[in-house]
Amino acid sequence: PPVVAVVGRPNVGKSTLVNRILGRREAVVEDVPGVTRDRVAYDAEWSGRRLTVVDTGGWLPDAAGLAAAIAEQARMAVDLADVVMFVVDATVGATDVDEAVVEILRRSGKPVVLVANKVDDAATELEATALWSLGIGEPHPVSALHGRGSGDLLDAVLAALPQQAPPQLLAVEGGPRRVALLGRPNVGKSSLLNKLARENRVVVDDVAGTTRDPVDELIELGGRSWRFIDTAGIRRRHRENQGADFYATLRTQSALERAEVAVVLVDAGQPLTEQDLRIISMVIEAGRSLVIAYNKWDLLDEERRHYLEREIDRQLYHARWAPRVNISALTGRHVDKLVPALDTALEGWGSRVPTAKLNQFFAELVAAHPHPIRGGKQPRVLFATQAGVRPPRFVLFTSGFLEEGYRRFIERRLREEFGFAGTPIEITMKIRE
Ligand code: GDP
């Protein structure tokens with residue numbers, strides 16, 4: 001969904017406004033996966049349109065001084081937002097800090113909805129009108145506390161959204177495959193991108209109709225074009241501060257939304273970190289195909305290499321189906337192995353097992369390895385069908401609840417039998433009593 005960032009000085013009522021927006025709509029409130037700090041992003045819905053609302057008040061960068069902190073917050077928000085809600089306290093009026101934020105917003109070119117908050121009664125409305133002087137259009141008077149004006153405000157936000165991007169049809173055939181290059185900072189994403197771009201033909205591509213960071217690059221590898229998603233974001237210098245972690249997560253999320261396959265880069269020279277694992281989990285949860293690239297292979301010694309194998313077995317057990325490449329973005333070692341790995345992952349992602357074959361497989365499986373008897377009953381798989389691809393999704397009709405261990409066993413056997421390299425698979429159970 002489009003991202004609406006709420007920006008403004010402390011105490012102008014950002015959080016109250018966010019609560020008002022969510023509460024009034026009884027919105028489904030969800031954490032953005034992987035965000036551990038206090039919740040700052042929420043799913044909301046207005047007039048049938050889903051929105052992700054980001055409350056930038058949830059964190060304050062460690063910049064020196066209020067003005068610098070707010071400026072930084074505004075910059076990071078506009079990086080990701082499709083629309084910025086800029087909240088000003090109408091009872092105070094525009095301060096110098098507000099003016100500075102306006103400058104940043106104006107330069108960003110992002111649509112801005114100006115919110116004049118704390119307009120609790122008719123008397124304050126005049127003060128809201130004074131905010132026209134900020135030069136960013138009509139102030140929308142609201143009382144976040146009492147709810148006044150928040151419906152009109154959300155209408156204004158929807159109106160300010162860029163034209164809805166055409167649905168990203170995953171089924172499009174023939175077009176360049178869409179690749180997200182992911183990984184924590186310093187694993188070598190931009191180095192790899194540069195390596196690929198330098199040695200291959202590149203077309204910078206403004207994807208019409210999409211918003212945040214519209215710049216992808218088309219890179220020709222192995223005789224075909226691949227669309228690398230959000231290369232602008234990868235190449236941008238990282239800003240070192242608290243918010244960066246959170247925004248990196250959102251950015252990863254939005255790249256995944258548009259990608260078919262993710263290459264997760266990890267640093268082979270260092271033990272896997274929480275963040276590496278979290279990114280891999282995000283790919284799996286998003287249902288995208290996955291290639292894991294161990295970068296900086298040029299730095300490995302024998303000992304580390306030996307240890308690495310065990311580490312991979314242990315920590316990446318849940319993604320053991322992902323093709324792996326051991327590369328060096330620096331020297332170019334095995335970078336050409338990326339294409340076959342991508343092909344493998346994409347093939348698994350899109351593959352389908354005919355129903356007859358699938359049921360024959362299950363008949364044999366259930367006969368040879370029946371579910372353990374539980375409470376005098378033995379649940380059986382009665383019928384199975386593949387409900388979809390990208391990723392492969394299976395529905396099992398069963399005569400009872402299949403326990404976790406058995407479902408994992410089924411997944412393992414499915415993979416042994418039919419492949420599905422490089423792709424998560426989903427298995428849903430429908431119990432027929
Ligand atoms: P990003 O933050 O993921 O985009 O990482 P960068 O591409 O900026 O790389 C971070 C640092 O790692 C830089 O100093 C790179 O020169 C270095 N680096 C990247 N790839 C390799 C590699 O394969 N081998 C070695 N030795 N260094 C690398």
# chains A, B, ... in the order shown; residues from 1 in each chain; ligands from 1
call {"tool": "residues_around", "arguments": {"residues": "Glu416 (chain A)", "least_positions_apart": "5", "cutoff": "12 Å", "atoms": "only C-alpha atoms", "output": "PyMOL selection string"}}
result
chain A and resi 321+361+409-411+421
call {"tool": "write_last_selection", "arguments": {"atoms": "N, CA and C atoms", "output": "PDB file, in the first residue's frame"}}
result
ATOM      1  N   TRP A 321      16.652 -24.703   0.875  1.00  0.00           N
ATOM      2  CA  TRP A 321      16.275 -24.901  -0.533  1.00  0.00           C
ATOM      3  C   TRP A 321      16.747 -23.761  -1.435  1.00  0.00           C
ATOM      4  N   PHE A 361       1.378 -39.023  -5.530  1.00  0.00           N
ATOM      5  CA  PHE A 361       2.465 -38.823  -4.572  1.00  0.00           C
ATOM      6  C   PHE A 361       1.941 -38.939  -3.140  1.00  0.00           C
ATOM      7  N   PHE A 409       7.349 -32.625   7.404  1.00  0.00           N
ATOM      8  CA  PHE A 409       7.751 -33.833   6.687  1.00  0.00           C
ATOM      9  C   PHE A 409       7.177 -33.813   5.266  1.00  0.00           C
ATOM     10  N   ILE A 410       5.917 -33.423   5.164  1.00  0.00           N
ATOM     11  CA  ILE A 410       5.283 -33.331   3.847  1.00  0.00           C
ATOM     12  C   ILE A 410       6.028 -32.345   2.951  1.00  0.00           C
ATOM     13  N   GLU A 411       6.349 -31.199   3.532  1.00  0.00           N
ATOM     14  CA  GLU A 411       7.053 -30.203   2.723  1.00  0.00           C
ATOM     15  C   GLU A 411       8.396 -30.747   2.229  1.00  0.00           C
ATOM     16  N   ALA A 421      13.249 -25.729  -5.968  1.00  0.00           N
ATOM     17  CA  ALA A 421      14.457 -25.063  -5.495  1.00  0.00           C
ATOM     18  C   ALA A 421      14.238 -23.558  -5.530  1.00  0.00           C
TER      19      ALA A 421
END
call {"tool": "select_by_dssp", "arguments": {"residues": "region 267-378 of chain A", "states": "alpha helix (DSSP H)", "output": "count of residues only"}}
result
52
call {"tool": "residues_near_ligand", "arguments": {"ligand": "ligand 1", "cutoff": "8 Å", "atoms": "only C-alpha atoms and all ligand atoms", "output": "MDAnalysis selection string"}}
result
chainID A and resid 182:193 234:235 238 265 295:299 327:332
call {"tool": "closest_residue", "arguments": {"among": "A:Tyr406, A:Lys118, A:Asp336, A:His140", "to": "Asn200 (chain A)", "atoms": "only C-alpha atoms"}}
result
A:Asp336
call {"tool": "select_by_dssp", "arguments": {"residues": "region 193-323 of chain A", "states": "strand (DSSP E)", "output": "ChimeraX atom specification"}}
result
/A:202-206,215-221,224-228,261-267,289-295
call {"tool": "write_last_selection", "arguments": {"atoms": "C-alpha atoms", "output": "PDB file, in the first residue's frame"}}
result
ATOM      1  CA  VAL A 202      22.508  -0.851 -18.273  1.00  0.00           C
ATOM      2  CA  VAL A 203      19.368   1.100 -18.918  1.00  0.00           C
ATOM      3  CA  VAL A 204      18.097   3.337 -16.179  1.00  0.00           C
ATOM      4  CA  ASP A 205      14.403   2.927 -16.133  1.00  0.00           C
ATOM      5  CA  ASP A 206      11.785   5.156 -14.659  1.00  0.00           C
ATOM      6  CA  VAL A 215      14.556   4.387 -10.555  1.00  0.00           C
ATOM      7  CA  ASP A 216      15.213   0.775 -11.388  1.00  0.00           C
ATOM      8  CA  GLU A 217      17.961  -0.344 -13.678  1.00  0.00           C
ATOM      9  CA  LEU A 218      17.728  -2.820 -16.481  1.00  0.00           C
ATOM     10  CA  ILE A 219      20.940  -4.804 -16.592  1.00  0.00           C
ATOM     11  CA  GLU A 220      21.708  -7.326 -19.263  1.00  0.00           C
ATOM     12  CA  LEU A 221      23.042 -10.571 -17.840  1.00  0.00           C
ATOM     13  CA  ARG A 224      18.715 -11.206 -21.076  1.00  0.00           C
ATOM     14  CA  SER A 225      17.499  -8.058 -19.366  1.00  0.00           C
ATOM     15  CA  TRP A 226      16.843  -8.108 -15.647  1.00  0.00           C
ATOM     16  CA  ARG A 227      15.119  -5.352 -13.792  1.00  0.00           C
ATOM     17  CA  PHE A 228      17.015  -4.507 -10.614  1.00  0.00           C
ATOM     18  CA  VAL A 261      13.190 -12.940  -6.827  1.00  0.00           C
ATOM     19  CA  ALA A 262      15.454 -11.622  -4.092  1.00  0.00           C
ATOM     20  CA  VAL A 263      19.188 -11.944  -3.934  1.00  0.00           C
ATOM     21  CA  VAL A 264      20.104 -11.659  -0.276  1.00  0.00           C
ATOM     22  CA  LEU A 265      23.734 -10.707   0.098  1.00  0.00           C
ATOM     23  CA  VAL A 266      25.540 -11.756   3.246  1.00  0.00           C
ATOM     24  CA  ASP A 267      29.133 -11.188   4.291  1.00  0.00           C
ATOM     25  CA  SER A 289      11.936 -16.695  -4.602  1.00  0.00           C
ATOM     26  CA  LEU A 290      15.346 -16.488  -3.017  1.00  0.00           C
ATOM     27  CA  VAL A 291      19.015 -16.707  -3.872  1.00  0.00           C
ATOM     28  CA  ILE A 292      21.572 -16.343  -1.102  1.00  0.00           C
ATOM     29  CA  ALA A 293      24.844 -14.793  -2.172  1.00  0.00           C
ATOM     30  CA  TYR A 294      27.874 -15.117   0.074  1.00  0.00           C
ATOM     31  CA  ASN A 295      29.937 -12.069  -0.768  1.00  0.00           C
TER      32      ASN A 295
END
call {"tool": "atom_distance", "arguments": {"atom1": "CA of Ala160 (chain A)", "atom2": "CA of Glu125 (chain A)"}}
result
22.5 Å
call {"tool": "closest_residue", "arguments": {"among": "A:Asn194, A:Thr16, A:Gln360, A:Thr423", "to": "Gly348 (chain A)", "atoms": "only C-alpha atoms"}}
result
A:Thr423
call {"tool": "closest_atom_pairs", "arguments": {"of": "region 86-202 of chain A", "to": "region 46-53 of chain A", "cutoff": "10 Å", "atoms": "only C-alpha atoms", "output": "Markdown table"}}
result
| residue | atom | partner | partner_atom | distance |
| --- | --- | --- | --- | --- |
| A:Gly151 | CA | A:Trp46 | CA | 8.8 |
| A:Leu154 | CA | A:Trp46 | CA | 7.1 |
| A:Asp155 | CA | A:Trp46 | CA | 8.0 |
| A:Val157 | CA | A:Trp46 | CA | 9.7 |
| A:Leu158 | CA | A:Arg49 | CA | 8.1 |
call {"tool": "write_last_selection", "arguments": {"atoms": "N, CA and C atoms", "output": "short mmCIF file (atom, residue, chain, number, x, y, z; two decimals), in the first residue's frame"}}
result
data_model
loop_
_atom_site.label_atom_id
_atom_site.label_comp_id
_atom_site.auth_asym_id
_atom_site.auth_seq_id
_atom_site.Cartn_x
_atom_site.Cartn_y
_atom_site.Cartn_z
N GLY A 151 -11.92 13.03 8.73
CA GLY A 151 -12.42 12.39 7.51
C GLY A 151 -12.06 13.18 6.26
N LEU A 154 -8.43 12.75 5.46
CA LEU A 154 -8.07 11.51 4.77
C LEU A 154 -8.50 11.55 3.31
N ASP A 155 -9.62 12.19 3.04
CA ASP A 155 -10.00 12.38 1.63
C ASP A 155 -8.92 13.15 0.89
N VAL A 157 -5.80 13.28 1.66
CA VAL A 157 -4.62 12.42 1.49
C VAL A 157 -4.79 11.50 0.29
N LEU A 158 -5.97 10.91 0.17
CA LEU A 158 -6.22 10.02 -0.97
C LEU A 158 -6.11 10.80 -2.28
#
call {"tool": "residues_around", "arguments": {"residues": "Val78 (chain A)", "least_positions_apart": "3", "cutoff": "12 Å", "atoms": "only C-alpha atoms", "output": "PyMOL selection string"}}
result
chain A and resi 3-7+54+56+71-75+81-86+101-102+104-112+211-213+247
call {"tool": "write_last_selection", "arguments": {"atoms": "N, CA and C atoms", "output": "compact mmCIF listing (two decimals), in the first residue's frame"}}
result
# COMPACT_ATOMS: atom_id res chain seq x y z
N VAL A 3 2.55 4.67 1.13
CA VAL A 3 3.03 5.07 2.44
C VAL A 3 2.71 6.55 2.69
N VAL A 4 2.06 6.79 3.82
CA VAL A 4 1.77 8.16 4.24
C VAL A 4 2.62 8.44 5.47
N ALA A 5 3.55 9.38 5.36
CA ALA A 5 4.41 9.68 6.50
C ALA A 5 3.86 10.90 7.23
N VAL A 6 3.81 10.82 8.54
CA VAL A 6 3.33 11.93 9.35
C VAL A 6 4.53 12.62 9.98
N VAL A 7 4.73 13.87 9.61
CA VAL A 7 5.92 14.61 10.01
C VAL A 7 5.50 15.85 10.79
N VAL A 54 2.95 5.95 8.58
CA VAL A 54 4.21 5.93 9.33
C VAL A 54 4.25 7.15 10.24
N THR A 56 6.41 9.31 12.25
CA THR A 56 7.83 9.59 12.44
C THR A 56 8.12 10.08 13.85
N ALA A 71 14.57 17.98 10.82
CA ALA A 71 14.93 18.04 9.41
C ALA A 71 15.30 16.65 8.91
N GLU A 72 16.07 15.95 9.73
CA GLU A 72 16.51 14.61 9.35
C GLU A 72 15.32 13.66 9.24
N GLN A 73 14.43 13.81 10.21
CA GLN A 73 13.22 12.99 10.23
C GLN A 73 12.40 13.24 8.96
N ALA A 74 12.30 14.49 8.60
CA ALA A 74 11.52 14.84 7.41
C ALA A 74 12.16 14.27 6.15
N ARG A 75 13.49 14.35 6.09
CA ARG A 75 14.19 13.84 4.91
C ARG A 75 13.98 12.35 4.75
N ALA A 81 7.97 8.07 1.63
CA ALA A 81 6.53 8.31 1.57
C ALA A 81 6.05 8.55 0.16
N ASP A 82 4.80 8.20 -0.06
CA ASP A 82 4.14 8.61 -1.29
C ASP A 82 3.46 9.95 -1.08
N VAL A 83 3.01 10.15 0.16
CA VAL A 83 2.41 11.42 0.54
C VAL A 83 2.91 11.76 1.94
N VAL A 84 3.19 13.03 2.18
CA VAL A 84 3.60 13.46 3.51
C VAL A 84 2.46 14.26 4.14
N MET A 85 2.11 13.89 5.37
CA MET A 85 1.19 14.70 6.15
C MET A 85 2.05 15.55 7.06
N PHE A 86 2.02 16.84 6.83
CA PHE A 86 2.84 17.72 7.65
C PHE A 86 1.94 18.38 8.68
N VAL A 101 11.22 22.68 7.71
CA VAL A 101 10.66 21.43 7.21
C VAL A 101 9.98 21.65 5.86
N VAL A 102 9.26 22.76 5.76
CA VAL A 102 8.57 23.08 4.51
C VAL A 102 9.57 23.13 3.36
N ILE A 104 12.34 21.50 3.05
CA ILE A 104 12.73 20.13 2.68
C ILE A 104 11.62 19.44 1.89
N LEU A 105 10.41 19.64 2.37
CA LEU A 105 9.28 18.99 1.71
C LEU A 105 9.13 19.52 0.29
N ARG A 106 9.29 20.83 0.14
CA ARG A 106 9.12 21.43 -1.16
C ARG A 106 10.15 20.89 -2.15
N ARG A 107 11.40 20.79 -1.66
CA ARG A 107 12.45 20.29 -2.54
C ARG A 107 12.23 18.84 -2.95
N SER A 108 11.58 18.08 -2.07
CA SER A 108 11.41 16.65 -2.35
C SER A 108 10.46 16.40 -3.51
N GLY A 109 9.59 17.36 -3.76
CA GLY A 109 8.63 17.17 -4.83
C GLY A 109 7.50 16.20 -4.48
N LYS A 110 7.53 15.66 -3.28
CA LYS A 110 6.46 14.74 -2.87
C LYS A 110 5.19 15.53 -2.56
N PRO A 111 4.04 14.93 -2.80
CA PRO A 111 2.82 15.63 -2.41
C PRO A 111 2.74 15.79 -0.90
N VAL A 112 2.31 16.97 -0.47
CA VAL A 112 2.23 17.26 0.96
C VAL A 112 0.81 17.69 1.30
N THR A 211 5.94 4.94 -7.41
CA THR A 211 6.33 6.15 -6.73
C THR A 211 7.68 6.06 -6.07
N ARG A 212 7.72 5.62 -4.79
CA ARG A 212 9.00 5.80 -4.10
C ARG A 212 10.17 5.25 -4.92
N ASP A 213 11.15 6.07 -5.01
CA ASP A 213 12.33 5.73 -5.78
C ASP A 213 12.02 5.06 -7.08
N TYR A 247 13.82 2.45 8.40
CA TYR A 247 13.54 2.75 7.00
C TYR A 247 14.12 1.70 6.07
call {"tool": "residues_around", "arguments": {"residues": "region 399-405 of chain A", "least_positions_apart": "3", "cutoff": "6 Å", "atoms": "only C-alpha atoms", "output": "list in words"}}
result
Pro379, Arg380, Arg408, Ile431, Arg432 and Glu433 of chain A
call {"tool": "write_last_selection", "arguments": {"atoms": "C-alpha atoms", "output": "PDB file, in the first residue's frame"}}
result
ATOM      1  CA  PRO A 379      -5.661 -38.017  10.245  1.00  0.00           C
ATOM      2  CA  ARG A 380      -5.131 -38.677   6.565  1.00  0.00           C
ATOM      3  CA  ARG A 408       7.187 -30.264   7.770  1.00  0.00           C
ATOM      4  CA  ILE A 431     -10.084 -30.350   7.562  1.00  0.00           C
ATOM      5  CA  ARG A 432     -13.136 -32.362   6.559  1.00  0.00           C
ATOM      6  CA  GLU A 433     -14.811 -33.826   9.585  1.00  0.00           C
TER       7      GLU A 433
END
call {"tool": "residues_around", "arguments": {"residues": "Phe362 (chain A)", "least_positions_apart": "6", "cutoff": "9 Å", "atoms": "only C-alpha atoms", "output": "PyMOL selection string"}}
result
chain A and resi 381-384+410
call {"tool": "write_last_selection", "arguments": {"atoms": "N, CA and C atoms", "output": "short mmCIF file (atom, residue, chain, number, x, y, z; two decimals), in the first residue's frame"}}
result
data_model
loop_
_atom_site.label_atom_id
_atom_site.label_comp_id
_atom_site.auth_asym_id
_atom_site.auth_seq_id
_atom_site.Cartn_x
_atom_site.Cartn_y
_atom_site.Cartn_z
N VAL A 381 -4.36 -37.49 4.64
CA VAL A 381 -4.53 -36.55 3.53
C VAL A 381 -5.46 -37.23 2.53
N LEU A 382 -6.64 -36.62 2.31
CA LEU A 382 -7.62 -37.24 1.43
C LEU A 382 -7.41 -36.82 -0.02
N PHE A 383 -7.06 -35.58 -0.15
CA PHE A 383 -6.96 -35.04 -1.51
C PHE A 383 -6.07 -33.81 -1.45
N ALA A 384 -5.28 -33.61 -2.48
CA ALA A 384 -4.39 -32.44 -2.51
C ALA A 384 -4.47 -31.78 -3.86
N ILE A 410 5.92 -33.42 5.16
CA ILE A 410 5.28 -33.33 3.85
C ILE A 410 6.03 -32.35 2.95
#
call {"tool": "closest_residue", "arguments": {"among": "A:Leu196, A:Ala387, A:Ala156, A:Ala144", "to": "Asn11 (chain A)", "atoms": "only C-alpha atoms"}}
result
A:Ala144
call {"tool": "residues_around", "arguments": {"residues": "Ile425 (chain A)", "least_positions_apart": "5", "cutoff": "8 Å", "atoms": "only C-alpha atoms", "output": "PDB file with N, CA and C atoms, in the first residue's frame"}}
result
ATOM      1  N   GLY A 287       6.744 -14.440   0.167  1.00  0.00           N
ATOM      2  CA  GLY A 287       6.459 -15.429  -0.873  1.00  0.00           C
ATOM      3  C   GLY A 287       7.253 -15.210  -2.150  1.00  0.00           C
ATOM      4  N   PRO A 391       4.340 -17.867  -5.037  1.00  0.00           N
ATOM      5  CA  PRO A 391       5.006 -19.162  -4.893  1.00  0.00           C
ATOM      6  C   PRO A 391       4.000 -20.315  -4.994  1.00  0.00           C
ATOM      7  N   PRO A 392       4.522 -21.543  -5.122  1.00  0.00           N
ATOM      8  CA  PRO A 392       3.623 -22.701  -5.148  1.00  0.00           C
ATOM      9  C   PRO A 392       2.809 -22.796  -3.854  1.00  0.00           C
ATOM     10  N   ARG A 393       1.509 -22.950  -4.019  1.00  0.00           N
ATOM     11  CA  ARG A 393       0.618 -23.068  -2.859  1.00  0.00           C
ATOM     12  C   ARG A 393      -0.197 -24.342  -2.977  1.00  0.00           C
ATOM     13  N   PHE A 394      -0.180 -25.097  -1.891  1.00  0.00           N
ATOM     14  CA  PHE A 394      -0.899 -26.361  -1.901  1.00  0.00           C
ATOM     15  C   PHE A 394      -2.025 -26.328  -0.888  1.00  0.00           C
ATOM     16  N   GLU A 411       6.349 -31.199   3.532  1.00  0.00           N
ATOM     17  CA  GLU A 411       7.053 -30.203   2.723  1.00  0.00           C
ATOM     18  C   GLU A 411       8.396 -30.747   2.229  1.00  0.00           C
ATOM     19  N   PHE A 420      11.196 -27.504  -6.530  1.00  0.00           N
ATOM     20  CA  PHE A 420      10.888 -26.225  -5.876  1.00  0.00           C
ATOM     21  C   PHE A 420      12.132 -25.578  -5.291  1.00  0.00           C
TER      22      PHE A 420
END
